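> Data file model.txt (compact mmCIF, C-alpha atoms and all ligand atoms) is appended below.
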```txt
# COMPACT_ATOMS: atom_id res chain seq x y z
CA MET F 1 -0.68 -18.87 -23.52
CA ALA F 2 2.75 -18.77 -25.04
CA MET F 3 4.26 -16.91 -22.12
CA ILE F 4 3.82 -19.67 -19.57
CA LYS F 5 7.22 -20.96 -18.57
CA GLY F 6 7.61 -23.92 -16.24
CA SER F 7 5.30 -23.80 -13.27
CA ARG F 8 5.05 -20.01 -12.95
CA GLY F 9 1.57 -18.83 -12.26
CA HIS F 10 -0.40 -16.45 -14.46
CA TRP F 11 -3.49 -14.32 -14.11
CA SER F 12 -6.52 -15.67 -15.89
CA GLY F 13 -6.88 -12.38 -17.75
CA LYS F 14 -6.53 -8.60 -17.62
CA MET F 15 -9.28 -8.20 -15.07
CA GLY F 16 -7.58 -10.58 -12.67
CA PHE F 17 -4.36 -8.58 -12.83
CA ILE F 18 -6.04 -5.20 -12.45
CA LEU F 19 -8.06 -6.30 -9.43
CA ALA F 20 -5.03 -7.91 -7.78
CA ALA F 21 -2.77 -4.91 -8.41
CA ALA F 22 -5.48 -2.52 -7.24
CA GLY F 23 -5.96 -4.83 -4.26
CA SER F 24 -2.29 -4.44 -3.44
CA ALA F 25 -2.37 -0.66 -3.81
CA ILE F 26 -5.61 -0.20 -1.88
CA GLY F 27 -4.83 -0.99 1.73
CA LEU F 28 -4.25 0.47 5.16
CA GLY F 29 -2.46 3.27 3.31
CA ASN F 30 -5.79 4.44 1.88
CA ILE F 31 -8.17 3.91 4.75
CA TRP F 32 -5.98 4.39 7.81
CA LYS F 33 -3.00 6.50 6.71
CA PHE F 34 -4.46 8.82 4.07
CA PRO F 35 -7.31 10.20 6.22
CA TYR F 36 -5.17 10.71 9.32
CA MET F 37 -2.36 12.35 7.35
CA THR F 38 -4.84 14.61 5.59
CA GLY F 39 -6.28 15.47 9.00
CA VAL F 40 -2.89 16.28 10.49
CA SER F 41 -1.71 18.18 7.42
CA GLY F 42 -4.63 20.55 7.17
CA GLY F 43 -6.76 19.03 4.40
CA GLY F 44 -7.07 20.21 0.80
CA ALA F 45 -3.51 21.44 0.27
CA PHE F 46 -2.13 18.03 1.26
CA VAL F 47 -4.66 16.29 -0.97
CA LEU F 48 -3.67 18.44 -3.93
CA ILE F 49 0.08 17.74 -3.59
CA TYR F 50 -0.68 14.07 -3.10
CA LEU F 51 -2.63 14.02 -6.38
CA VAL F 52 0.15 15.80 -8.26
CA SER F 53 2.75 13.35 -6.86
CA ILE F 54 0.67 10.43 -8.04
CA LEU F 55 0.63 11.84 -11.55
CA ILE F 56 4.29 12.84 -11.88
CA ILE F 57 5.94 10.17 -9.75
CA GLY F 58 3.53 7.35 -9.13
CA MET F 59 2.20 6.57 -12.58
CA PRO F 60 5.52 6.64 -14.48
CA ILE F 61 7.19 4.37 -11.90
CA MET F 62 4.25 2.00 -11.79
CA MET F 63 4.34 1.57 -15.54
CA ALA F 64 8.10 0.94 -15.42
CA GLU F 65 7.70 -1.69 -12.70
CA ILE F 66 4.91 -3.55 -14.47
CA MET F 67 6.89 -3.44 -17.73
CA ILE F 68 10.02 -4.89 -16.11
CA GLY F 69 7.96 -7.74 -14.68
CA ARG F 70 5.93 -8.47 -17.75
CA HIS F 71 8.84 -8.28 -20.14
CA THR F 72 11.11 -10.60 -18.14
CA GLN F 73 8.39 -12.88 -16.67
CA LYS F 74 10.62 -13.24 -13.63
CA ASP F 75 10.78 -12.53 -9.90
CA PRO F 76 12.41 -9.21 -8.85
CA ILE F 77 15.98 -10.53 -8.67
CA GLY F 78 15.71 -12.66 -11.82
CA ALA F 79 14.10 -9.74 -13.67
CA PHE F 80 16.99 -7.33 -13.13
CA LYS F 81 19.56 -10.08 -13.76
CA SER F 82 18.02 -10.90 -17.10
CA LEU F 83 17.87 -7.25 -18.19
CA LYS F 84 21.42 -6.27 -17.33
CA SER F 85 24.44 -7.96 -15.82
CA GLY F 86 26.16 -6.26 -12.91
CA PRO F 87 24.92 -5.43 -9.44
CA TYR F 88 21.47 -4.27 -10.62
CA TRP F 89 19.75 -7.34 -9.16
CA LEU F 90 20.38 -5.69 -5.79
CA ILE F 91 17.42 -3.40 -6.56
CA GLY F 92 15.25 -6.52 -6.57
CA ALA F 93 16.91 -7.87 -3.43
CA MET F 94 16.27 -4.62 -1.58
CA GLY F 95 12.65 -4.73 -2.72
CA ILE F 96 12.19 -8.27 -1.44
CA LEU F 97 13.72 -7.45 1.96
CA THR F 98 11.59 -4.32 2.22
CA THR F 99 8.35 -6.21 1.55
CA ILE F 100 9.29 -8.62 4.36
CA ILE F 101 9.88 -5.72 6.73
CA ILE F 102 6.69 -3.88 5.69
CA LEU F 103 4.53 -6.99 6.04
CA SER F 104 5.93 -7.67 9.52
CA PHE F 105 4.48 -4.42 10.94
CA TYR F 106 1.60 -4.13 8.46
CA SER F 107 0.31 -7.42 9.82
CA VAL F 108 0.28 -5.97 13.34
CA VAL F 109 -1.87 -2.98 12.24
CA ALA F 110 -4.07 -5.35 10.21
CA GLY F 111 -4.35 -7.47 13.37
CA TRP F 112 -5.61 -4.42 15.28
CA SER F 113 -8.30 -4.06 12.60
CA ILE F 114 -9.44 -7.61 13.29
CA HIS F 115 -9.54 -6.84 17.01
CA PHE F 116 -11.71 -3.79 16.31
CA LEU F 117 -13.98 -5.83 14.09
CA TYR F 118 -14.41 -8.22 16.98
CA GLU F 119 -15.10 -5.33 19.38
CA ALA F 120 -17.54 -3.80 16.87
CA ILE F 121 -19.51 -7.05 16.71
CA PHE F 122 -19.96 -6.90 20.48
CA GLY F 123 -20.80 -3.19 20.15
CA PHE F 124 -18.79 -0.17 21.32
CA SER F 125 -20.35 1.00 24.57
CA GLY F 126 -19.43 2.69 27.84
CA SER F 127 -17.83 6.07 28.44
CA ASP F 128 -15.85 7.86 25.73
CA ALA F 129 -12.67 7.27 27.70
CA SER F 130 -13.28 3.54 28.01
CA ILE F 131 -13.84 3.24 24.25
CA GLN F 132 -10.68 5.20 23.58
CA ASN F 133 -8.82 2.91 25.94
CA ILE F 134 -9.52 -0.10 23.72
CA PHE F 135 -6.76 1.03 21.43
CA SER F 136 -4.24 2.04 24.10
CA ASN F 137 -4.77 -1.28 25.89
CA LEU F 138 -4.38 -3.21 22.68
CA TYR F 139 -1.26 -1.31 21.67
CA ALA F 140 0.29 -1.82 25.11
CA SER F 141 -0.36 -5.55 25.12
CA GLY F 142 2.25 -7.40 23.09
CA LEU F 143 0.38 -10.62 23.73
CA LYS F 144 -2.93 -9.39 22.31
CA SER F 145 -1.26 -7.73 19.31
CA SER F 146 0.66 -10.95 18.64
CA LEU F 147 -2.50 -12.99 18.79
CA TRP F 148 -4.21 -10.87 16.12
CA HIS F 149 -0.99 -10.70 14.10
CA THR F 150 -1.06 -14.52 14.11
CA VAL F 151 -4.64 -14.57 12.85
CA PHE F 152 -3.84 -12.14 10.03
CA MET F 153 -0.69 -13.99 8.94
CA LEU F 154 -2.61 -17.27 8.85
CA MET F 155 -5.13 -15.70 6.47
CA VAL F 156 -2.38 -14.26 4.24
CA VAL F 157 -0.42 -17.52 4.10
CA GLY F 158 -3.62 -19.48 3.47
CA ILE F 159 -4.46 -17.35 0.43
CA VAL F 160 -0.93 -17.23 -1.02
CA LEU F 161 -0.65 -21.03 -0.70
CA GLY F 162 -3.42 -21.25 -3.30
CA GLY F 163 -1.16 -19.71 -5.95
CA VAL F 164 -1.56 -16.84 -8.40
CA LYS F 165 -4.84 -17.80 -10.05
CA ASN F 166 -6.54 -19.96 -7.43
CA GLY F 167 -5.39 -18.03 -4.37
CA ILE F 168 -4.44 -14.40 -4.97
CA GLU F 169 -6.67 -13.72 -7.97
CA LYS F 170 -9.63 -15.65 -6.64
CA TRP F 171 -9.62 -13.84 -3.29
CA ASN F 172 -9.10 -10.42 -4.86
CA LYS F 173 -12.12 -11.08 -7.03
CA ILE F 174 -14.18 -11.66 -3.88
CA LEU F 175 -12.67 -9.09 -1.53
CA MET F 176 -12.25 -6.10 -3.85
CA PRO F 177 -15.86 -5.86 -5.10
CA SER F 178 -17.06 -6.35 -1.50
CA LEU F 179 -14.75 -3.55 -0.43
CA PHE F 180 -16.12 -1.23 -3.13
CA ILE F 181 -19.71 -1.97 -2.13
CA ILE F 182 -19.12 -1.42 1.61
CA LEU F 183 -17.25 1.80 0.90
CA ILE F 184 -19.98 3.22 -1.36
CA ILE F 185 -22.67 2.43 1.23
CA LEU F 186 -20.58 4.08 3.96
CA MET F 187 -20.01 7.11 1.72
CA ILE F 188 -23.73 7.56 1.05
CA TYR F 189 -24.38 7.34 4.77
CA SER F 190 -21.66 9.85 5.63
CA LEU F 191 -22.87 12.33 3.04
CA THR F 192 -26.23 12.53 4.82
CA LEU F 193 -24.58 13.68 8.05
CA ASP F 194 -24.60 17.34 9.13
CA GLY F 195 -20.81 17.55 8.97
CA ALA F 196 -20.67 16.55 5.28
CA PRO F 197 -20.39 20.05 3.70
CA LYS F 198 -17.64 21.02 6.11
CA ALA F 199 -15.83 17.74 5.42
CA LEU F 200 -15.99 18.23 1.66
CA SER F 201 -14.57 21.72 1.81
CA PHE F 202 -11.89 20.50 4.24
CA LEU F 203 -10.84 17.82 1.72
CA PHE F 204 -11.21 19.65 -1.56
CA LYS F 205 -10.63 23.37 -0.88
CA PRO F 206 -6.89 23.75 -0.62
CA ASP F 207 -5.64 26.39 1.79
CA PHE F 208 -2.31 27.19 0.20
CA SER F 209 -1.03 28.93 3.31
CA LYS F 210 -0.90 25.47 4.95
CA ILE F 211 1.73 24.15 2.52
CA THR F 212 5.08 23.54 4.22
CA PRO F 213 8.09 21.54 3.00
CA GLN F 214 7.17 18.80 5.47
CA ILE F 215 3.67 18.51 4.01
CA VAL F 216 5.07 18.21 0.50
CA LEU F 217 7.39 15.42 1.64
CA ASP F 218 4.65 13.59 3.47
CA ALA F 219 2.36 13.77 0.46
CA LEU F 220 5.08 12.41 -1.82
CA GLY F 221 5.91 9.59 0.61
CA GLN F 222 2.24 8.72 0.91
CA ALA F 223 1.95 8.52 -2.89
CA PHE F 224 4.70 5.89 -2.89
CA PHE F 225 3.29 3.85 -0.06
CA THR F 226 -0.26 3.85 -1.31
CA LEU F 227 0.67 2.73 -4.83
CA SER F 228 2.91 -0.08 -3.51
CA LEU F 229 5.90 1.34 -5.38
CA GLY F 230 9.65 1.03 -5.00
CA VAL F 231 9.64 -2.52 -3.64
CA CYS F 232 9.18 -4.47 -6.90
CA MET F 233 5.66 -5.45 -5.92
CA MET F 234 4.40 -4.33 -9.32
CA VAL F 235 7.34 -6.14 -10.97
CA THR F 236 6.14 -9.35 -9.33
CA TYR F 237 2.47 -8.98 -10.26
CA GLY F 238 3.48 -7.75 -13.72
CA SER F 239 5.50 -10.93 -14.23
CA TYR F 240 2.29 -12.97 -14.14
CA LEU F 241 0.84 -10.90 -16.97
CA ASN F 242 0.54 -11.84 -20.63
CA LYS F 243 1.89 -9.84 -23.51
CA ASP F 244 -1.55 -8.91 -24.79
CA SER F 245 -2.26 -6.61 -21.85
CA ASN F 246 -2.25 -2.85 -22.33
CA LEU F 247 0.24 -1.31 -19.88
CA PRO F 248 -0.77 2.38 -19.97
CA THR F 249 -4.45 1.52 -19.54
CA ALA F 250 -3.67 -0.91 -16.70
CA THR F 251 -1.49 1.67 -14.93
CA LEU F 252 -4.15 4.34 -15.30
CA THR F 253 -6.91 2.07 -14.01
CA ILE F 254 -4.96 0.87 -10.96
CA THR F 255 -3.89 4.40 -10.06
CA ALA F 256 -7.37 5.82 -10.57
CA LEU F 257 -8.96 3.11 -8.41
CA ASP F 258 -6.41 3.61 -5.64
CA THR F 259 -6.83 7.39 -5.65
CA MET F 260 -10.60 7.17 -5.75
CA ILE F 261 -10.68 4.82 -2.77
CA ALA F 262 -8.41 7.07 -0.70
CA LEU F 263 -10.62 10.09 -1.46
CA ILE F 264 -13.79 8.14 -0.70
CA ALA F 265 -12.27 6.96 2.59
CA GLY F 266 -11.81 10.65 3.41
CA ILE F 267 -15.43 11.33 2.42
CA VAL F 268 -16.51 8.52 4.77
CA ILE F 269 -14.44 9.56 7.77
CA PHE F 270 -14.43 13.38 7.87
CA PRO F 271 -18.22 13.97 7.86
CA ILE F 272 -18.37 11.78 10.99
CA VAL F 273 -15.50 13.69 12.55
CA PHE F 274 -17.01 17.12 11.77
CA THR F 275 -20.56 16.14 12.74
CA PHE F 276 -19.32 15.51 16.27
CA ASN F 277 -17.02 18.53 16.28
CA VAL F 278 -13.91 16.47 16.83
CA GLU F 279 -10.56 17.89 15.73
CA PRO F 280 -9.36 16.12 12.54
CA THR F 281 -5.76 16.27 13.75
CA GLN F 282 -5.73 13.10 15.85
CA GLY F 283 -2.95 11.35 13.93
CA PRO F 284 -2.56 7.56 13.65
CA GLY F 285 -5.26 6.97 16.28
CA LEU F 286 -7.94 8.68 14.16
CA ILE F 287 -9.70 5.52 13.08
CA PHE F 288 -8.91 3.39 16.14
CA CYS F 289 -9.51 5.93 18.95
CA THR F 290 -11.79 8.58 17.52
CA LEU F 291 -14.11 6.72 15.17
CA PRO F 292 -15.25 4.01 17.65
CA VAL F 293 -16.34 6.72 20.13
CA LEU F 294 -18.38 8.34 17.37
CA PHE F 295 -19.76 5.00 16.15
CA ALA F 296 -21.16 4.44 19.66
CA LYS F 297 -23.15 7.71 19.39
CA MET F 298 -24.29 7.58 15.77
CA PRO F 299 -27.68 6.30 14.65
CA GLY F 300 -26.98 2.98 12.94
CA GLY F 301 -23.45 3.14 14.35
CA TYR F 302 -23.43 -0.55 15.24
CA ILE F 303 -23.77 -1.70 11.63
CA ILE F 304 -21.56 1.11 10.31
CA ALA F 305 -18.77 0.11 12.71
CA ILE F 306 -18.89 -3.53 11.62
CA ALA F 307 -18.93 -2.51 7.95
CA PHE F 308 -16.02 -0.11 8.47
CA PHE F 309 -13.70 -2.59 10.19
CA THR F 310 -14.62 -5.34 7.72
CA LEU F 311 -13.60 -2.94 4.98
CA LEU F 312 -10.32 -2.25 6.73
CA LEU F 313 -9.58 -5.96 7.07
CA PHE F 314 -10.36 -6.68 3.41
CA ALA F 315 -8.16 -3.80 2.29
CA ALA F 316 -5.28 -4.98 4.49
CA LEU F 317 -5.65 -8.58 3.34
CA THR F 318 -5.35 -7.89 -0.38
CA SER F 319 -2.21 -5.78 0.30
CA GLY F 320 -0.78 -8.33 2.73
CA ILE F 321 -0.95 -11.13 0.18
CA SER F 322 0.86 -8.98 -2.39
CA LEU F 323 3.62 -8.21 0.12
CA LEU F 324 4.16 -11.92 0.81
CA GLU F 325 4.00 -12.89 -2.86
CA VAL F 326 7.14 -10.85 -3.66
CA SER F 327 9.45 -13.10 -1.61
CA VAL F 328 7.44 -16.20 -2.51
CA SER F 329 7.98 -15.54 -6.23
CA TYR F 330 11.70 -15.18 -5.58
CA LEU F 331 11.91 -18.49 -3.70
CA ILE F 332 9.94 -20.28 -6.42
CA ASP F 333 11.85 -18.82 -9.40
CA GLU F 334 15.39 -18.57 -8.11
CA LYS F 335 15.53 -21.17 -5.35
CA LYS F 336 13.20 -23.64 -7.11
CA PHE F 337 11.06 -24.07 -3.99
CA SER F 338 7.57 -25.49 -4.39
CA ARG F 339 4.84 -22.88 -3.75
CA LYS F 340 4.03 -24.58 -0.48
CA LYS F 341 7.60 -24.56 0.79
CA ALA F 342 8.15 -20.98 -0.45
CA THR F 343 4.96 -19.64 1.16
CA LEU F 344 5.59 -21.36 4.46
CA SER F 345 9.25 -20.25 4.67
CA ALA F 346 8.53 -16.62 3.79
CA GLY F 347 5.38 -16.59 5.94
CA ILE F 348 7.18 -17.94 9.00
CA ALA F 349 10.06 -15.45 8.59
CA VAL F 350 7.63 -12.52 8.42
CA TYR F 351 5.58 -13.93 11.28
CA ILE F 352 8.55 -14.13 13.62
CA LEU F 353 9.80 -10.69 12.63
CA GLY F 354 6.33 -9.33 13.37
CA PHE F 355 6.68 -10.04 17.09
CA LEU F 356 9.25 -7.26 17.27
CA SER F 357 6.57 -4.78 16.19
CA ALA F 358 3.79 -6.35 18.23
CA TRP F 359 5.62 -5.91 21.51
CA PRO F 360 6.06 -2.18 22.24
CA GLU F 361 8.49 -2.99 25.07
CA ILE F 362 11.10 -4.23 22.58
CA LYS F 363 13.03 -1.11 21.65
CA ILE F 364 16.34 0.17 20.45
CA GLY F 365 17.00 3.13 22.73
CA LYS F 366 13.65 4.87 22.92
CA THR F 367 12.33 3.79 19.54
CA THR F 368 10.05 0.79 19.08
CA PHE F 369 10.72 -1.71 16.30
CA PHE F 370 7.35 -0.76 14.87
CA ASP F 371 8.65 2.78 14.27
CA ILE F 372 12.09 1.64 13.15
CA PHE F 373 10.65 -0.73 10.53
CA ASP F 374 8.04 1.78 9.39
CA LYS F 375 10.61 4.57 9.02
CA LEU F 376 13.23 2.31 7.43
CA ALA F 377 10.78 1.12 4.78
CA THR F 378 8.74 4.23 4.01
CA ASN F 379 11.48 6.80 4.45
CA ILE F 380 14.50 4.96 3.11
CA THR F 381 14.18 1.77 1.13
CA MET F 382 10.91 2.57 -0.70
CA PRO F 383 12.05 5.94 -2.11
CA LEU F 384 15.54 4.57 -2.76
CA GLY F 385 14.06 1.56 -4.56
CA GLY F 386 11.77 3.84 -6.55
CA LEU F 387 14.66 6.09 -7.50
CA LEU F 388 16.80 3.17 -8.67
CA ILE F 389 13.92 1.55 -10.58
CA THR F 390 13.05 4.72 -12.46
CA LEU F 391 16.72 5.41 -13.28
CA PHE F 392 17.20 1.81 -14.40
CA ALA F 393 14.10 1.88 -16.59
CA GLY F 394 14.94 5.32 -17.96
CA TRP F 395 18.58 4.73 -18.81
CA PHE F 396 19.11 0.98 -19.23
CA ILE F 397 15.99 -0.43 -20.82
CA SER F 398 16.27 -0.04 -24.57
CA LYS F 399 13.76 1.92 -26.56
CA GLN F 400 13.07 -1.25 -28.53
CA ILE F 401 11.98 -3.16 -25.43
CA LYS F 402 9.81 -0.24 -24.38
CA GLN F 403 8.21 -0.05 -27.82
CA ASP F 404 7.56 -3.80 -27.85
CA ASN F 405 5.81 -3.56 -24.51
CA LEU F 406 3.58 -0.62 -25.31
CA PRO F 407 0.50 -0.68 -27.51
CA LYS F 408 0.71 1.03 -30.90
CA VAL F 409 -1.95 3.57 -29.93
CA PHE F 410 0.32 4.82 -27.16
CA SER F 411 2.16 6.50 -30.07
CA SER F 412 5.77 7.58 -30.15
CA LEU F 413 4.82 10.86 -28.49
CA GLY F 414 3.42 9.03 -25.45
CA LEU F 415 6.56 6.91 -25.29
CA ASP F 416 8.79 9.99 -25.52
CA ILE F 417 6.92 11.79 -22.77
CA TRP F 418 7.05 8.76 -20.48
CA ASN F 419 10.72 8.20 -21.25
CA PHE F 420 11.51 11.82 -20.47
CA LEU F 421 9.63 11.56 -17.18
CA ILE F 422 11.36 8.38 -16.00
CA LYS F 423 14.79 9.56 -17.14
CA TYR F 424 14.80 13.02 -15.60
CA ILE F 425 11.69 14.36 -13.92
CA THR F 426 10.57 11.43 -11.76
CA PRO F 427 14.10 10.61 -10.49
CA ALA F 428 14.74 14.28 -9.70
CA PHE F 429 11.57 14.47 -7.61
CA VAL F 430 12.24 11.18 -5.86
CA PHE F 431 15.81 12.24 -5.20
CA ILE F 432 14.56 15.37 -3.48
CA ILE F 433 12.10 13.44 -1.31
CA PHE F 434 14.73 10.91 -0.48
CA ILE F 435 17.36 13.39 0.62
CA ALA F 436 14.82 15.43 2.54
CA LYS F 437 13.46 12.34 4.29
CA LEU F 438 16.92 11.20 5.17
CA TYR F 439 17.67 14.65 6.54
CA GLU F 440 14.50 14.51 8.60
CA LEU F 441 15.40 11.07 9.91
CA ILE F 442 18.90 11.98 10.95
CA PHE F 443 18.30 15.43 12.42
N1 LIG N 1 -0.15 0.03 -0.90
C1 LIG N 1 -0.43 -0.64 0.32
C2 LIG N 1 -1.36 0.25 1.15
O1 LIG N 1 -1.75 1.30 0.74
C3 LIG N 1 0.83 -0.98 1.08
C4 LIG N 1 1.86 -1.71 0.29
C5 LIG N 1 3.12 -1.18 0.12
C6 LIG N 1 1.56 -2.94 -0.32
C7 LIG N 1 4.09 -1.82 -0.65
C8 LIG N 1 2.53 -3.60 -1.08
C9 LIG N 1 3.79 -3.04 -1.25
O2 LIG N 1 -1.74 -0.10 2.24
```
Mind turning this structure into structure tokens?


Amino acid sequence: MAMIKGSRGHWSGKMGFILAAAGSAIGLGNIWKFPYMTGVSGGGAFVLIYLVSILIIGMPIMMAEIMIGRHTQKDPIGAFKSLKSGPYWLIGAMGILTTIIILSFYSVVAGWSIHFLYEAIFGFSGSDASIQNIFSNLYASGLKSSLWHTVFMLMVVGIVLGGVKNGIEKWNKILMPSLFIILIILMIYSLTLDGAPKALSFLFKPDFSKITPQIVLDALGQAFFTLSLGVCMMVTYGSYLNKDSNLPTATLTITALDTMIALIAGIVIFPIVFTFNVEPTQGPGLIFCTLPVLFAKMPGGYIIAIAFFTLLLFAALTSGISLLEVSVSYLIDEKKFSRKKATLSAGIAVYILGFLSAWPEIKIGKTTFFDIFDKLATNITMPLGGLLITLFAGWFISKQIKQDNLPKVFSSLGLDIWNFLIKYITPAFVFIIFIAKLYELIF
């Protein structure tokens, strides 16, 4: 492999990259956030806008990010530095900081999933109210949340310590296929439930009267989060890729897998919700408060509950490792740290920051750090990062570089369409989301 420079890691092949990048994209965003947001936002109309956003915004940005990484073979800061002198490396720096912030609260939610897996193994039983209280008690207890946050961070650090091929790739190759299998089994089960037809029409029959500006913004923001965009995550994973990989096909595959998994997660959850006549509008507690109560009543619910929370943990783990790898790659490339020193330093920083989100008593004014970090990342730095990346790729990366990085079959028409999207259309859309989100945040 001619591209190997120094001690930088590389994927063993295309499949390794695709699984790892899909592993990053497929996470709590698909199985926890997508269903509850669809529930809150009235179903099909939200799903439709989400799909359109993925096509117009998600895919072009993803391809730009992977190209920047693969072309430069560098960490986010090094990548921008080597493409253009000036302050552009700040885009990479903002991405790195954002991944640290995201992982710090992501790990707390992932920790809750481990707690629910543990509860599921002992079986959800008792009154509906007592099952619902599992989540409120967990959320209220900083100590318990911190404990599970610790367990999750230990797993993430353990995997990232193994490196690109023998840690990240190896674990994605185990966890992702397992995730697919569990999800398919759960889907088949859910489709046999009485609530399945109602669930399918809720998800796939858009009611256009439900579309509001807020729903459009939420769908766009969700598209960003779920595809891991705007934080140079795809730059980092792309930098471990060889020149012989086909970027448009890779982008299409990763996006299709991510979208499919989000939709299937909806097909798993909503039939359960509708079978028991529960309102789908529960919000963030949908899978932690509502589902366990239903699992306790369902035939086979014991096994289904264990499978579901295992799935959630696997999904969170493959995204968690990608979030940590962004800062690890920076420390290795720019600061010349060994992988061990880089992983431990970044891991410990994230771990400590995570306590702020684990303890709901720690607040600024009335807002918890969990909310501050979540809003800061998803509403500000992710869209801003995405906007800057698409503008940078559209205006500053030469056509020659783009041509060199795309396969011949992509044709000059494909290149022109993509270039037009990342120069004008995608930034315009992201700009609108960004301003609207900022407006929402301030007022
Ligand atoms: N895409 C992940 C999810 O859906 C979250 C994530 C965001 C991961 C940004 C990496 C970078 O859960």

> What's around F:Val328 at 8 Å? Count only C-alpha atoms, leave out sequence neighbours fewer than 6 positions away in its own chain, and write the answer as a PyMOL selection string.

chain F and resi 339+342-343+346

> Could you tell me how far atom CA of F:Gln73 sits from atom CA of F:Ser85, in Å to one decimal place?

16.8 Å

> Could you check the closest approach to F:Ile306 for each of F:Leu117, F:Leu51, F:Ala129, F:Ala64 and tell me which residue wins, using only C-alpha atoms?

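Closest residue, counting only C-alpha atoms: F:Leu117.
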
> At a cut-off of 7 Å around ligand LIG 1 (chain N), and using only C-alpha atoms and all ligand atoms, what residues come up? Please write them as a count of residues only.

20

> Expressed in Å to a single decimal, how great is the separation between atom CA of F:Lys198 and atom CA of F:Ala45?

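Interatomic distance, atom CA of F:Lys198 to atom CA of F:Ala45: 15.3 Å.
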
> Let me make sure I understand: among F:Asn379, F:Ser412, F:Ser329, F:Thr310, which one has the smallest atom-to-atom distance to F:Glu119 if we use all atoms listed in the file?

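When distances to F:Glu119 are compared using all atoms listed in the file, the smallest one comes from F:Thr310.
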
> Stretch 295-351 of chain F near stretch 258-261 of chain F within 12 Å: what's each residue's closest atom pair and its distance in Å to one decimal, counting all atoms listed in the file, ordered by chain then ascending residue number, as JSON lines?


```
{"residue": "F:Leu311", "atom": "CA", "partner": "F:Ile261", "partner_atom": "CA", "distance": 11.3}
{"residue": "F:Leu312", "atom": "CA", "partner": "F:Ile261", "partner_atom": "CA", "distance": 11.8}
{"residue": "F:Ala315", "atom": "CA", "partner": "F:Ile261", "partner_atom": "CA", "distance": 10.3}
{"residue": "F:Ser319", "atom": "CA", "partner": "F:Asp258", "partner_atom": "CA", "distance": 11.9}
```

> Record the distance separating atom CA of F:Tyr240 and atom CA of F:Asp333, expressed in Å with one decimal.

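So the two atoms, atom CA of F:Tyr240 and atom CA of F:Asp333, lie 12.2 Å apart.
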
> Got a sec: who's within 10 Å of F:Ser12, counting all atoms listed in the file, leaving out chain neighbours fewer than 6 positions off, as a list in words?

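Once the nearby chain positions are removed, what remains is Val164, Lys165, Asn166, Glu169, Lys170, Tyr240, Leu241 and Asn242 of chain F.
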
> Once you have the residues from the selection above, write them out as a PDB file, in the frame of the given file, restricted to C-alpha atoms.


```
ATOM      1  CA  VAL F 164      -1.560 -16.840  -8.400  1.00  0.00           C
ATOM      2  CA  LYS F 165      -4.840 -17.800 -10.050  1.00  0.00           C
ATOM      3  CA  ASN F 166      -6.540 -19.960  -7.430  1.00  0.00           C
ATOM      4  CA  GLU F 169      -6.670 -13.720  -7.970  1.00  0.00           C
ATOM      5  CA  LYS F 170      -9.630 -15.650  -6.640  1.00  0.00           C
ATOM      6  CA  TYR F 240       2.290 -12.970 -14.140  1.00  0.00           C
ATOM      7  CA  LEU F 241       0.840 -10.900 -16.970  1.00  0.00           C
ATOM      8  CA  ASN F 242       0.540 -11.840 -20.630  1.00  0.00           C
TER       9      ASN F 242
END
```

> Point out the residue among F:Leu154, F:Gly386, F:Ile182, F:Ser53 with the least atom-to-atom distance to F:Phe309, counting all atoms listed in the file.

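Answer, going by the shortest atom-to-atom distance: F:Ile182.
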
> Quick one: residues within 12 Å of (13.9, -0.5, 16.9) (file frame), counting all atoms listed in the file, please, as an mmCIF file with C-alpha atoms, keeping the file's coordinate frame.


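selection-v2.cif written:
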```cif
data_model
loop_
_atom_site.group_PDB
_atom_site.id
_atom_site.type_symbol
_atom_site.label_atom_id
_atom_site.label_comp_id
_atom_site.auth_asym_id
_atom_site.auth_seq_id
_atom_site.Cartn_x
_atom_site.Cartn_y
_atom_site.Cartn_z
ATOM 1 C CA PHE F 105 4.480 -4.420 10.940
ATOM 2 C CA LEU F 353 9.800 -10.690 12.630
ATOM 3 C CA PHE F 355 6.680 -10.040 17.090
ATOM 4 C CA LEU F 356 9.250 -7.260 17.270
ATOM 5 C CA SER F 357 6.570 -4.780 16.190
ATOM 6 C CA ALA F 358 3.790 -6.350 18.230
ATOM 7 C CA TRP F 359 5.620 -5.910 21.510
ATOM 8 C CA PRO F 360 6.060 -2.180 22.240
ATOM 9 C CA GLU F 361 8.490 -2.990 25.070
ATOM 10 C CA ILE F 362 11.100 -4.230 22.580
ATOM 11 C CA LYS F 363 13.030 -1.110 21.650
ATOM 12 C CA ILE F 364 16.340 0.170 20.450
ATOM 13 C CA GLY F 365 17.000 3.130 22.730
ATOM 14 C CA LYS F 366 13.650 4.870 22.920
ATOM 15 C CA THR F 367 12.330 3.790 19.540
ATOM 16 C CA THR F 368 10.050 0.790 19.080
ATOM 17 C CA PHE F 369 10.720 -1.710 16.300
ATOM 18 C CA PHE F 370 7.350 -0.760 14.870
ATOM 19 C CA ASP F 371 8.650 2.780 14.270
ATOM 20 C CA ILE F 372 12.090 1.640 13.150
ATOM 21 C CA PHE F 373 10.650 -0.730 10.530
ATOM 22 C CA ASP F 374 8.040 1.780 9.390
ATOM 23 C CA LYS F 375 10.610 4.570 9.020
ATOM 24 C CA LEU F 376 13.230 2.310 7.430
#
```

> Counting all atoms listed in the file, I want the residues whose atoms come within 12 Å of (-24.4, 2.5, 3.5) in the file frame, returned as a list in words.

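Nearby residues: Phe180, Ile181, Ile182, Leu183, Ile184, Ile185, Leu186, Met187, Ile188, Tyr189, Ser190, Leu191, Thr192, Val268, Gly300, Gly301, Ile303, Ile304, Ala305, Ile306, Ala307 and Phe308 of chain F.
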